[in-house]
file coords35.tsv (TSV, C-alpha atoms)
chain	number	residue	atom	x	y	z
N	9	MET	CA	81.66	-33.26	51.73
N	10	VAL	CA	79.16	-33.01	48.94
N	11	ASN	CA	79.43	-36.72	48.24
N	12	ARG	CA	78.77	-37.57	51.90
N	13	LEU	CA	75.67	-35.33	51.98
N	14	SER	CA	74.28	-36.82	48.81
N	15	SER	CA	74.73	-40.34	50.10
N	16	SER	CA	73.11	-39.67	53.46
N	17	PRO	CA	69.87	-41.58	54.25
N	18	LEU	CA	68.07	-38.44	55.32
N	19	LEU	CA	68.63	-36.73	52.00
N	20	LYS	CA	67.56	-39.83	50.13
N	21	ARG	CA	64.32	-40.00	52.09
N	22	ILE	CA	63.64	-36.29	51.45
N	23	SER	CA	64.30	-36.63	47.76
N	24	SER	CA	62.11	-39.70	47.45
N	25	THR	CA	59.33	-37.95	49.34
N	26	VAL	CA	59.57	-34.89	47.08
N	27	SER	CA	59.61	-37.03	43.95
N	28	ARG	CA	56.56	-38.98	45.13
N	29	GLY	CA	54.83	-35.67	45.85
N	30	PHE	CA	55.56	-34.34	42.38
N	31	SER	CA	54.45	-37.62	40.85
N	32	SER	CA	51.16	-37.65	42.77
N	33	ALA	CA	50.62	-33.96	41.98
N	34	SER	CA	51.20	-34.57	38.30
N	35	LYS	CA	48.84	-37.52	38.38
N	36	GLU	CA	46.20	-35.46	40.18
N	37	SER	CA	46.59	-32.58	37.74
N	38	GLY	CA	46.40	-34.98	34.80
N	39	SER	CA	43.26	-36.61	36.18
N	40	GLU	CA	41.75	-33.17	36.82
N	41	VAL	CA	42.46	-32.13	33.23
N	42	ALA	CA	40.86	-35.33	31.99
N	43	ARG	CA	37.80	-34.72	34.15
N	44	ASN	CA	37.51	-31.14	32.90
N	45	THR	CA	37.85	-32.33	29.30
N	46	ARG	CA	35.13	-34.94	29.77
N	47	ALA	CA	32.88	-32.36	31.43
N	48	ALA	CA	33.43	-29.90	28.58
N	49	ILE	CA	32.60	-32.57	26.00
N	50	VAL	CA	29.43	-33.57	27.84
N	51	ALA	CA	28.35	-29.93	28.23
N	52	THR	CA	28.97	-29.25	24.53
N	53	LEU	CA	26.98	-32.30	23.47
N	54	ALA	CA	24.15	-31.42	25.85
N	55	THR	CA	24.03	-27.82	24.56
N	56	GLY	CA	24.05	-28.96	20.96
N	57	GLY	CA	21.31	-31.49	21.66
N	58	LEU	CA	19.13	-28.91	23.38
N	59	ALA	CA	19.68	-26.44	20.53
N	60	ALA	CA	18.75	-29.09	17.96
N	61	TRP	CA	15.63	-30.02	19.91
N	62	TYR	CA	14.61	-26.37	20.26
N	63	ALA	CA	15.16	-25.79	16.53
N	64	HIS	CA	13.07	-28.88	15.78
N	65	LEU	CA	10.21	-27.59	17.91
N	66	TYR	CA	10.28	-23.86	17.15
N	67	GLY	CA	12.66	-23.35	14.22
N	68	ASN	CA	10.04	-23.63	11.50
N	69	PRO	CA	7.96	-20.44	11.03
N	70	ILE	CA	4.42	-20.66	12.26
N	71	LYS	CA	1.90	-20.48	9.42
N	72	ALA	CA	-1.61	-19.45	10.27
N	73	VAL	CA	-2.91	-20.55	6.88
N	74	THR	CA	-2.03	-23.09	4.25
N	75	VAL	CA	-0.59	-22.20	0.86
N	76	ALA	CA	-4.01	-22.50	-0.72
N	77	GLU	CA	-5.55	-20.21	1.90
N	78	HIS	CA	-2.77	-17.68	1.44
N	79	GLY	CA	-3.34	-17.52	-2.31
N	80	LEU	CA	-1.40	-18.67	-5.34
N	81	HIS	CA	1.80	-16.70	-5.80
N	82	PRO	CA	1.59	-14.63	-9.01
N	83	ALA	CA	4.15	-14.91	-11.78
N	84	SER	CA	6.65	-12.12	-12.35
N	85	TYR	CA	5.90	-10.08	-15.48
N	86	PRO	CA	8.30	-7.74	-17.34
N	87	TRP	CA	6.50	-4.46	-16.71
N	88	PRO	CA	7.91	-1.75	-18.99
N	89	HIS	CA	8.29	0.75	-16.13
N	90	ASN	CA	10.26	-1.48	-13.77
N	91	GLY	CA	13.71	-0.56	-15.09
N	92	TRP	CA	15.92	1.91	-13.26
N	93	LEU	CA	15.57	4.49	-16.03
N	94	ASP	CA	12.22	3.37	-17.48
N	95	THR	CA	9.05	5.46	-17.22
N	96	PHE	CA	5.37	4.67	-17.57
N	97	ASP	CA	3.85	3.98	-20.96
N	98	HIS	CA	1.49	6.94	-20.99
N	99	ALA	CA	-0.58	5.53	-23.85
N	100	SER	CA	-1.19	2.51	-21.63
N	101	LEU	CA	-2.10	4.82	-18.73
N	102	ARG	CA	-4.71	6.53	-20.91
N	103	ARG	CA	-6.20	3.17	-21.88
N	104	GLY	CA	-6.07	2.06	-18.25
N	105	PHE	CA	-8.08	5.10	-17.16
N	106	THR	CA	-10.67	4.17	-19.78
N	107	VAL	CA	-10.94	0.68	-18.28
N	108	TYR	CA	-11.24	2.09	-14.79
N	109	LYS	CA	-13.88	4.63	-15.77
N	110	GLU	CA	-16.03	2.19	-17.75
N	111	VAL	CA	-15.56	-0.97	-15.67
N	112	CYS	CA	-13.94	-0.52	-12.26
N	113	ALA	CA	-15.56	2.80	-11.27
N	114	ALA	CA	-18.92	1.07	-10.89
N	115	CYS	CA	-17.73	-0.38	-7.55
N	116	HIS	CA	-14.27	0.94	-6.68
N	117	SER	CA	-13.22	4.46	-5.77
N	118	LEU	CA	-10.07	6.51	-6.34
N	119	ASN	CA	-10.40	8.83	-3.37
N	120	LEU	CA	-6.79	10.06	-3.45
N	121	VAL	CA	-6.63	10.98	-7.15
N	122	ALA	CA	-7.64	14.48	-8.23
N	123	TRP	CA	-8.66	15.35	-11.76
N	124	ARG	CA	-5.77	17.81	-12.10
N	125	THR	CA	-3.20	15.02	-11.68
N	126	LEU	CA	-4.37	13.47	-14.95
N	127	VAL	CA	-3.37	16.57	-16.93
N	128	GLY	CA	-0.27	15.86	-18.98
N	129	VAL	CA	-0.26	12.22	-17.90
N	130	THR	CA	-3.26	10.60	-19.57
N	131	HIS	CA	-5.21	13.52	-21.06
N	132	THR	CA	-4.92	17.17	-21.95
N	133	ALA	CA	-6.29	19.89	-19.68
N	134	ASP	CA	-9.39	20.37	-21.84
N	135	GLU	CA	-10.10	16.63	-21.89
N	136	VAL	CA	-9.75	16.32	-18.11
N	137	ARG	CA	-11.93	19.40	-17.59
N	138	ALA	CA	-14.63	17.80	-19.76
N	139	LEU	CA	-14.38	14.56	-17.78
N	140	ALA	CA	-14.73	16.38	-14.48
N	141	GLU	CA	-17.78	18.31	-15.69
N	142	GLU	CA	-19.61	15.01	-16.24
N	143	TYR	CA	-20.01	14.72	-12.46
N	144	GLU	CA	-21.76	16.96	-9.94
N	145	TYR	CA	-20.24	18.12	-6.67
N	146	ASP	CA	-21.61	19.96	-3.68
N	147	SER	CA	-20.99	23.68	-3.79
N	148	GLU	CA	-20.38	25.97	-0.84
N	149	PRO	CA	-23.51	26.89	1.17
N	150	ASN	CA	-25.23	30.00	-0.10
N	151	ASP	CA	-26.57	32.86	2.04
N	152	GLU	CA	-29.57	30.75	3.05
N	153	GLY	CA	-27.32	27.78	4.00
N	154	GLU	CA	-28.45	25.67	1.08
N	155	ILE	CA	-25.97	23.48	-0.76
N	156	GLU	CA	-26.38	23.38	-4.51
N	157	LYS	CA	-24.80	21.14	-7.10
N	158	ARG	CA	-22.14	22.32	-9.52
N	159	PRO	CA	-20.11	20.72	-12.33
N	160	GLY	CA	-16.78	19.25	-11.40
N	161	LYS	CA	-13.52	21.19	-11.67
N	162	LEU	CA	-9.88	20.20	-12.05
N	163	SER	CA	-9.34	20.71	-8.33
N	164	ASP	CA	-11.98	18.12	-7.41
N	165	TYR	CA	-11.19	14.50	-6.66
N	166	ILE	CA	-12.57	11.61	-8.67
N	167	PRO	CA	-15.95	10.81	-7.05
N	168	ALA	CA	-16.67	7.51	-5.34
N	169	PRO	CA	-19.46	5.29	-6.67
N	170	TYR	CA	-21.18	5.11	-3.26
N	171	PRO	CA	-21.91	7.88	-0.76
N	172	ASN	CA	-20.66	5.87	2.23
N	173	GLU	CA	-19.42	2.47	3.36
N	174	GLN	CA	-22.86	1.21	4.36
N	175	ALA	CA	-24.24	1.89	0.89
N	176	ALA	CA	-21.26	0.14	-0.68
N	177	ARG	CA	-21.77	-2.97	1.46
N	178	ALA	CA	-25.51	-3.00	0.82
N	179	ALA	CA	-24.91	-2.96	-2.94
N	180	ASN	CA	-22.32	-5.75	-2.82
N	181	GLN	CA	-23.92	-8.35	-0.51
N	182	GLY	CA	-21.96	-7.17	2.51
N	183	ALA	CA	-18.55	-6.97	0.79
N	184	LEU	CA	-16.74	-3.63	0.76
N	185	PRO	CA	-14.95	-2.89	-2.53
N	186	PRO	CA	-11.53	-1.48	-1.60
N	187	ASP	CA	-10.35	1.92	-2.70
N	188	LEU	CA	-7.89	1.53	-5.58
N	189	SER	CA	-5.77	4.62	-4.98
N	190	LEU	CA	-2.97	2.64	-3.28
N	191	ILE	CA	-4.00	-0.91	-4.13
N	192	ILE	CA	-0.71	-1.67	-5.91
N	193	LYS	CA	1.27	-0.72	-2.80
N	194	ALA	CA	-1.20	-2.38	-0.44
N	195	ARG	CA	-0.99	-5.87	-1.96
N	196	HIS	CA	1.96	-8.23	-1.89
N	197	GLY	CA	3.15	-8.70	-5.45
N	198	GLY	CA	1.93	-5.29	-6.60
N	199	CYS	CA	1.27	-5.19	-10.33
N	200	ASP	CA	1.84	-8.93	-10.73
N	201	TYR	CA	-0.85	-9.71	-8.16
N	202	VAL	CA	-3.48	-7.33	-9.57
N	203	PHE	CA	-2.89	-8.49	-13.15
N	204	SER	CA	-3.01	-12.16	-12.12
N	205	LEU	CA	-6.17	-11.58	-10.10
N	206	LEU	CA	-7.97	-9.87	-12.99
N	207	THR	CA	-7.02	-12.60	-15.46
N	208	GLY	CA	-7.12	-15.56	-13.05
N	209	TYR	CA	-10.82	-16.50	-13.13
N	210	PRO	CA	-11.18	-20.06	-14.49
N	211	ASP	CA	-14.34	-21.17	-16.26
N	212	ASP	CA	-14.87	-23.82	-13.59
N	213	PRO	CA	-13.17	-24.35	-10.23
N	214	PRO	CA	-10.67	-27.22	-10.22
N	215	ALA	CA	-11.58	-30.57	-8.71
N	216	GLY	CA	-11.63	-30.42	-4.94
N	217	ALA	CA	-11.94	-26.63	-4.74
N	218	SER	CA	-15.05	-25.23	-3.15
N	219	VAL	CA	-16.13	-21.67	-2.38
N	220	ALA	CA	-18.90	-20.31	-0.23
N	221	SER	CA	-22.19	-19.25	-1.72
N	222	GLY	CA	-22.04	-15.86	-3.36
N	223	LEU	CA	-18.26	-16.01	-3.91
N	224	ASN	CA	-16.25	-16.65	-7.07
N	225	TYR	CA	-13.20	-18.88	-7.33
N	226	ASN	CA	-9.87	-17.19	-7.99
N	227	PRO	CA	-6.68	-19.00	-6.96
N	228	TYR	CA	-4.73	-15.75	-6.50
N	229	PHE	CA	-7.10	-14.41	-3.85
N	230	PRO	CA	-6.43	-15.57	-0.26
N	231	GLY	CA	-8.81	-18.41	0.46
N	232	GLY	CA	-9.74	-18.81	-3.19
N	233	GLY	CA	-13.18	-17.22	-2.80
N	234	ILE	CA	-13.63	-13.57	-3.86
N	235	ALA	CA	-16.82	-11.53	-3.93
N	236	MET	CA	-15.86	-9.80	-7.18
N	237	ALA	CA	-16.84	-11.79	-10.25
N	238	ARG	CA	-14.89	-11.69	-13.48
N	239	VAL	CA	-15.31	-8.21	-14.95
N	240	LEU	CA	-12.96	-8.16	-17.96
N	241	PHE	CA	-14.01	-9.79	-21.20
N	242	ASP	CA	-12.66	-9.39	-24.70
N	243	GLY	CA	-14.05	-6.29	-26.43
N	244	LEU	CA	-15.65	-4.92	-23.26
N	245	VAL	CA	-14.33	-1.39	-23.91
N	246	GLU	CA	-13.28	0.46	-27.03
N	247	TYR	CA	-9.92	2.18	-27.02
N	248	ASP	CA	-9.70	5.48	-28.88
N	249	ASP	CA	-6.27	4.54	-30.29
N	250	GLY	CA	-7.55	1.34	-31.90
N	251	THR	CA	-5.74	-1.11	-29.60
N	252	PRO	CA	-7.59	-4.47	-29.41
N	253	ALA	CA	-9.32	-4.64	-26.04
N	254	THR	CA	-8.48	-8.20	-25.06
N	255	THR	CA	-8.78	-9.36	-21.46
N	256	SER	CA	-5.03	-9.39	-20.89
N	257	GLN	CA	-4.60	-6.00	-22.60
N	258	MET	CA	-7.25	-4.37	-20.43
N	259	ALA	CA	-5.81	-5.97	-17.28
N	260	LYS	CA	-2.32	-4.75	-18.18
N	261	ASP	CA	-3.51	-1.22	-18.93
N	262	VAL	CA	-5.63	-0.77	-15.81
N	263	THR	CA	-2.85	-2.26	-13.65
N	264	SER	CA	-0.38	0.25	-15.08
N	265	PHE	CA	-2.86	3.06	-14.42
N	266	LEU	CA	-3.34	1.93	-10.81
N	267	ASN	CA	0.42	1.77	-10.37
N	268	TRP	CA	0.62	5.37	-11.53
N	269	ALA	CA	-2.20	6.30	-9.12
N	270	ALA	CA	-0.16	4.84	-6.26
N	271	GLU	CA	3.09	6.46	-7.50
N	272	PRO	CA	2.28	9.63	-9.46
N	273	GLU	CA	5.84	10.85	-8.79
N	274	HIS	CA	7.36	7.74	-10.41
N	275	ASP	CA	8.68	9.33	-13.62
N	276	GLU	CA	9.87	12.52	-11.96
N	277	ARG	CA	11.61	10.54	-9.22
N	278	LYS	CA	13.63	8.57	-11.75
N	279	LYS	CA	14.51	11.73	-13.69
N	280	THR	CA	15.68	13.37	-10.49
N	281	GLY	CA	17.65	10.26	-9.57
N	282	LEU	CA	19.43	10.32	-12.94
N	283	LYS	CA	20.35	13.98	-12.44
N	284	VAL	CA	21.70	13.19	-8.97
N	285	LEU	CA	23.83	10.35	-10.34
N	286	ILE	CA	25.26	12.59	-13.06
N	287	VAL	CA	26.09	15.42	-10.66
N	288	THR	CA	27.55	13.17	-7.97
N	289	GLY	CA	29.57	11.29	-10.60
N	290	ALA	CA	31.06	14.55	-11.87
N	291	LEU	CA	31.85	15.70	-8.34
N	292	TRP	CA	33.46	12.35	-7.57
N	293	ALA	CA	35.68	12.62	-10.65
N	294	LEU	CA	36.56	16.19	-9.70
N	295	SER	CA	37.46	15.11	-6.16
N	296	LEU	CA	39.76	12.42	-7.55
N	297	TRP	CA	41.51	14.99	-9.73
N	298	VAL	CA	41.95	17.37	-6.82
N	299	LYS	CA	43.24	14.56	-4.61
N	300	ARG	CA	45.69	13.34	-7.23
N	301	PHE	CA	47.11	16.56	-8.63
N	302	LYS	CA	46.50	19.21	-5.99
N	303	TRP	CA	46.41	17.71	-2.52
N	304	THR	CA	48.82	14.78	-2.87
N	305	PRO	CA	51.91	16.97	-3.59
N	306	ILE	CA	51.10	19.08	-0.55
N	307	LYS	CA	50.50	16.07	1.67
N	308	THR	CA	53.67	14.22	0.66
N	309	ARG	CA	56.11	17.13	0.64
N	310	LYS	CA	58.99	17.23	3.11
N	311	ILE	CA	60.39	20.25	4.86
N	312	LEU	CA	64.14	19.99	5.38
N	313	TYR	CA	66.43	22.25	7.31
N	314	LYS	CA	69.93	22.59	5.95
N	315	PRO	CA	72.15	24.53	8.32
N	316	PRO	CA	74.70	26.78	6.71
N	317	LYS	CA	78.18	25.49	6.39
N	318	LEU	CA	80.69	27.21	8.59
call {"tool": "encode", "arguments": {"input": "coords35.tsv", "output": "structure tokens"}}
result
Amino acid sequence: MVNRLSSSPLLKRISSTVSRGFSSASKESGSEVARNTRAAIVATLATGGLAAWYAHLYGNPIKAVTVAEHGLHPASYPWPHNGWLDTFDHASLRRGFTVYKEVCAACHSLNLVAWRTLVGVTHTADEVRALAEEYEYDSEPNDEGEIEKRPGKLSDYIPAPYPNEQAARAANQGALPPDLSLIIKARHGGCDYVFSLLTGYPDDPPAGASVASGLNYNPYFPGGGIAMARVLFDGLVEYDDGTPATTSQMAKDVTSFLNWAAEPEHDERKKTGLKVLIVTGALWALSLWVKRFKWTPIKTRKILYKPPKL
């Protein structure tokens, strides 16, 4: 019976039709897979091409100025206070204050530095008190409303060389000398930049370099033209400790002093950080000991129930 059914023409036609259907379906599915593969490849190539074109157009950062206009990048110098546990050279700070007082204070102010902050850092209390008394400050109004002058005190701030911004610009051909209280933090490169700027005045500008009238060439200043002329020359000041006052020595000392002015908490911060590391290290070691010898036996113990034998 089975043999007769299998050999019947109707069954043969049905089987051939089914087989042709499966064959055509497999061909259609294979062609569809091929089309999808080709479409995926084309889409990937198109996306990659668009991304490459976009990166070519907009990938490079936009620079508003050239390298020369931005200023020559200063070299990196081994400042003695840059180490994790290093503090300021306070002899250098004292010399740096001398350079500021005798050279820089003619144009630049230190509005955020009080006389009292110098005590124990660059000078003794009596020395700072004598320095403050060299200047006159406005006193409180008296009964008649008049303001009289008085000698400076430790609580006063270092006076500015000009009474206001307009006077400062008038005395410097329209240029405003910046306040130096935070100059190290306000300039990219910090100490390296200020030191390079103070020592970077060439005798003559290089070939092809030109500056506007009234400006001085300095490659470290953005644009190359700076209103401040060279102010440090060998032997310009006399240090009370006998250190030779070369240009680089004065620039190094005043830069260190300005770094202290911007970070008066520098030394104390590092001392506090060392104490924190010591305490936290001891607590960490103690926590390891507790974990190993006290908590681990409790955590890993097993509680077993042994029923009594009957």
call {"tool": "closest_residue", "arguments": {"input": "coords35.tsv", "among": "N:Lys317, N:His131, N:Lys161, N:Arg103", "to": "Thr263 (chain N)", "atoms": "all atoms listed in the file"}}
result
N:Arg103
call {"tool": "residues_around", "arguments": {"input": "coords35.tsv", "residues": "Val219 (chain N)", "least_positions_apart": "6", "cutoff": "12 Å", "atoms": "all atoms listed in the file", "output": "tab-separated table (two decimals) with C-alpha atoms, in the coordinates of the input"}}
result
chain	number	residue	atom	x	y	z
N	77	GLU	CA	-5.55	-20.21	1.90
N	212	ASP	CA	-14.87	-23.82	-13.59
N	213	PRO	CA	-13.17	-24.35	-10.23
N	225	TYR	CA	-13.20	-18.88	-7.33
N	226	ASN	CA	-9.87	-17.19	-7.99
N	227	PRO	CA	-6.68	-19.00	-6.96
N	229	PHE	CA	-7.10	-14.41	-3.85
N	230	PRO	CA	-6.43	-15.57	-0.26
N	231	GLY	CA	-8.81	-18.41	0.46
N	232	GLY	CA	-9.74	-18.81	-3.19
N	233	GLY	CA	-13.18	-17.22	-2.80
N	234	ILE	CA	-13.63	-13.57	-3.86
N	235	ALA	CA	-16.82	-11.53	-3.93
call {"tool": "atom_distance", "arguments": {"input": "coords35.tsv", "atom1": "CA of Asp164 (chain N)", "atom2": "CA of Asp134 (chain N)"}}
result
14.8 Å
call {"tool": "closest_atom_pairs", "arguments": {"input": "coords35.tsv", "of": "region 208-280 of chain N", "to": "region 105-117 of chain N", "cutoff": "7 Å", "atoms": "only C-alpha atoms", "output": "tab-separated table"}}
result
residue	atom	partner	partner_atom	distance
N:Val245	CA	N:Val107	CA	6.9
N:Met258	CA	N:Val107	CA	6.6
N:Val262	CA	N:Val107	CA	6.0
N:Phe265	CA	N:Phe105	CA	6.2
call {"tool": "residues_around", "arguments": {"input": "coords35.tsv", "residues": "Thr125 (chain N)", "least_positions_apart": "6", "cutoff": "12 Å", "atoms": "all atoms listed in the file", "output": "MDAnalysis selection string"}}
result
chainID N and resid 131:133 136:137 140 162:166 268:273
call {"tool": "residues_around", "arguments": {"input": "coords35.tsv", "residues": "Tyr209 (chain N)", "least_positions_apart": "5", "cutoff": "10 Å", "atoms": "only C-alpha atoms", "output": "list in words"}}
result
Ser204, Asn224, Tyr225, Asn226, Pro227, Tyr228, Ala237, Arg238, Val239 and Leu240 of chain N
call {"tool": "atom_distance", "arguments": {"input": "coords35.tsv", "atom1": "CA of Leu93 (chain N)", "atom2": "CA of Arg277 (chain N)"}}
result
9.9 Å
call {"tool": "closest_residue", "arguments": {"input": "coords35.tsv", "among": "N:Gly222, N:Glu156, N:Glu144, N:Leu120", "to": "Asp187 (chain N)", "atoms": "all atoms listed in the file"}}
result
N:Leu120
call {"tool": "atom_distance", "arguments": {"input": "coords35.tsv", "atom1": "CA of Trp87 (chain N)", "atom2": "CA of Val284 (chain N)"}}
result
24.5 Å
call {"tool": "closest_residue", "arguments": {"input": "coords35.tsv", "among": "N:Pro186, N:Pro210, N:Gly104, N:Gly216", "to": "Glu246 (chain N)", "atoms": "all atoms listed in the file"}}
result
N:Gly104
call {"tool": "residues_around", "arguments": {"input": "coords35.tsv", "residues": "Val202 (chain N)", "least_positions_apart": "3", "cutoff": "12 Å", "atoms": "all atoms listed in the file", "output": "NGL selection string"}}
result
:N and (81-85 or 188 or 190-199 or 205-208 or 226 or 228-229 or 256 or 258-267)
call {"tool": "axis_aligned_box", "arguments": {"input": "coords35.tsv", "around": "region 210-214 of chain N", "padding_each_side": "4 Å", "output": "lines of an AutoDock Vina configuration file"}}
result
center_x = -12.8
center_y = -23.6
center_z = -13.2
size_x = 12.2
size_y = 15.2
size_z = 14.0
call {"tool": "residues_near_point", "arguments": {"input": "coords35.tsv", "point": "(-10.8, -13.2, -22.1)", "cutoff": "6 Å", "atoms": "only C-alpha atoms", "output": "list in words"}}
result
Phe241, Asp242 and Thr255 of chain N
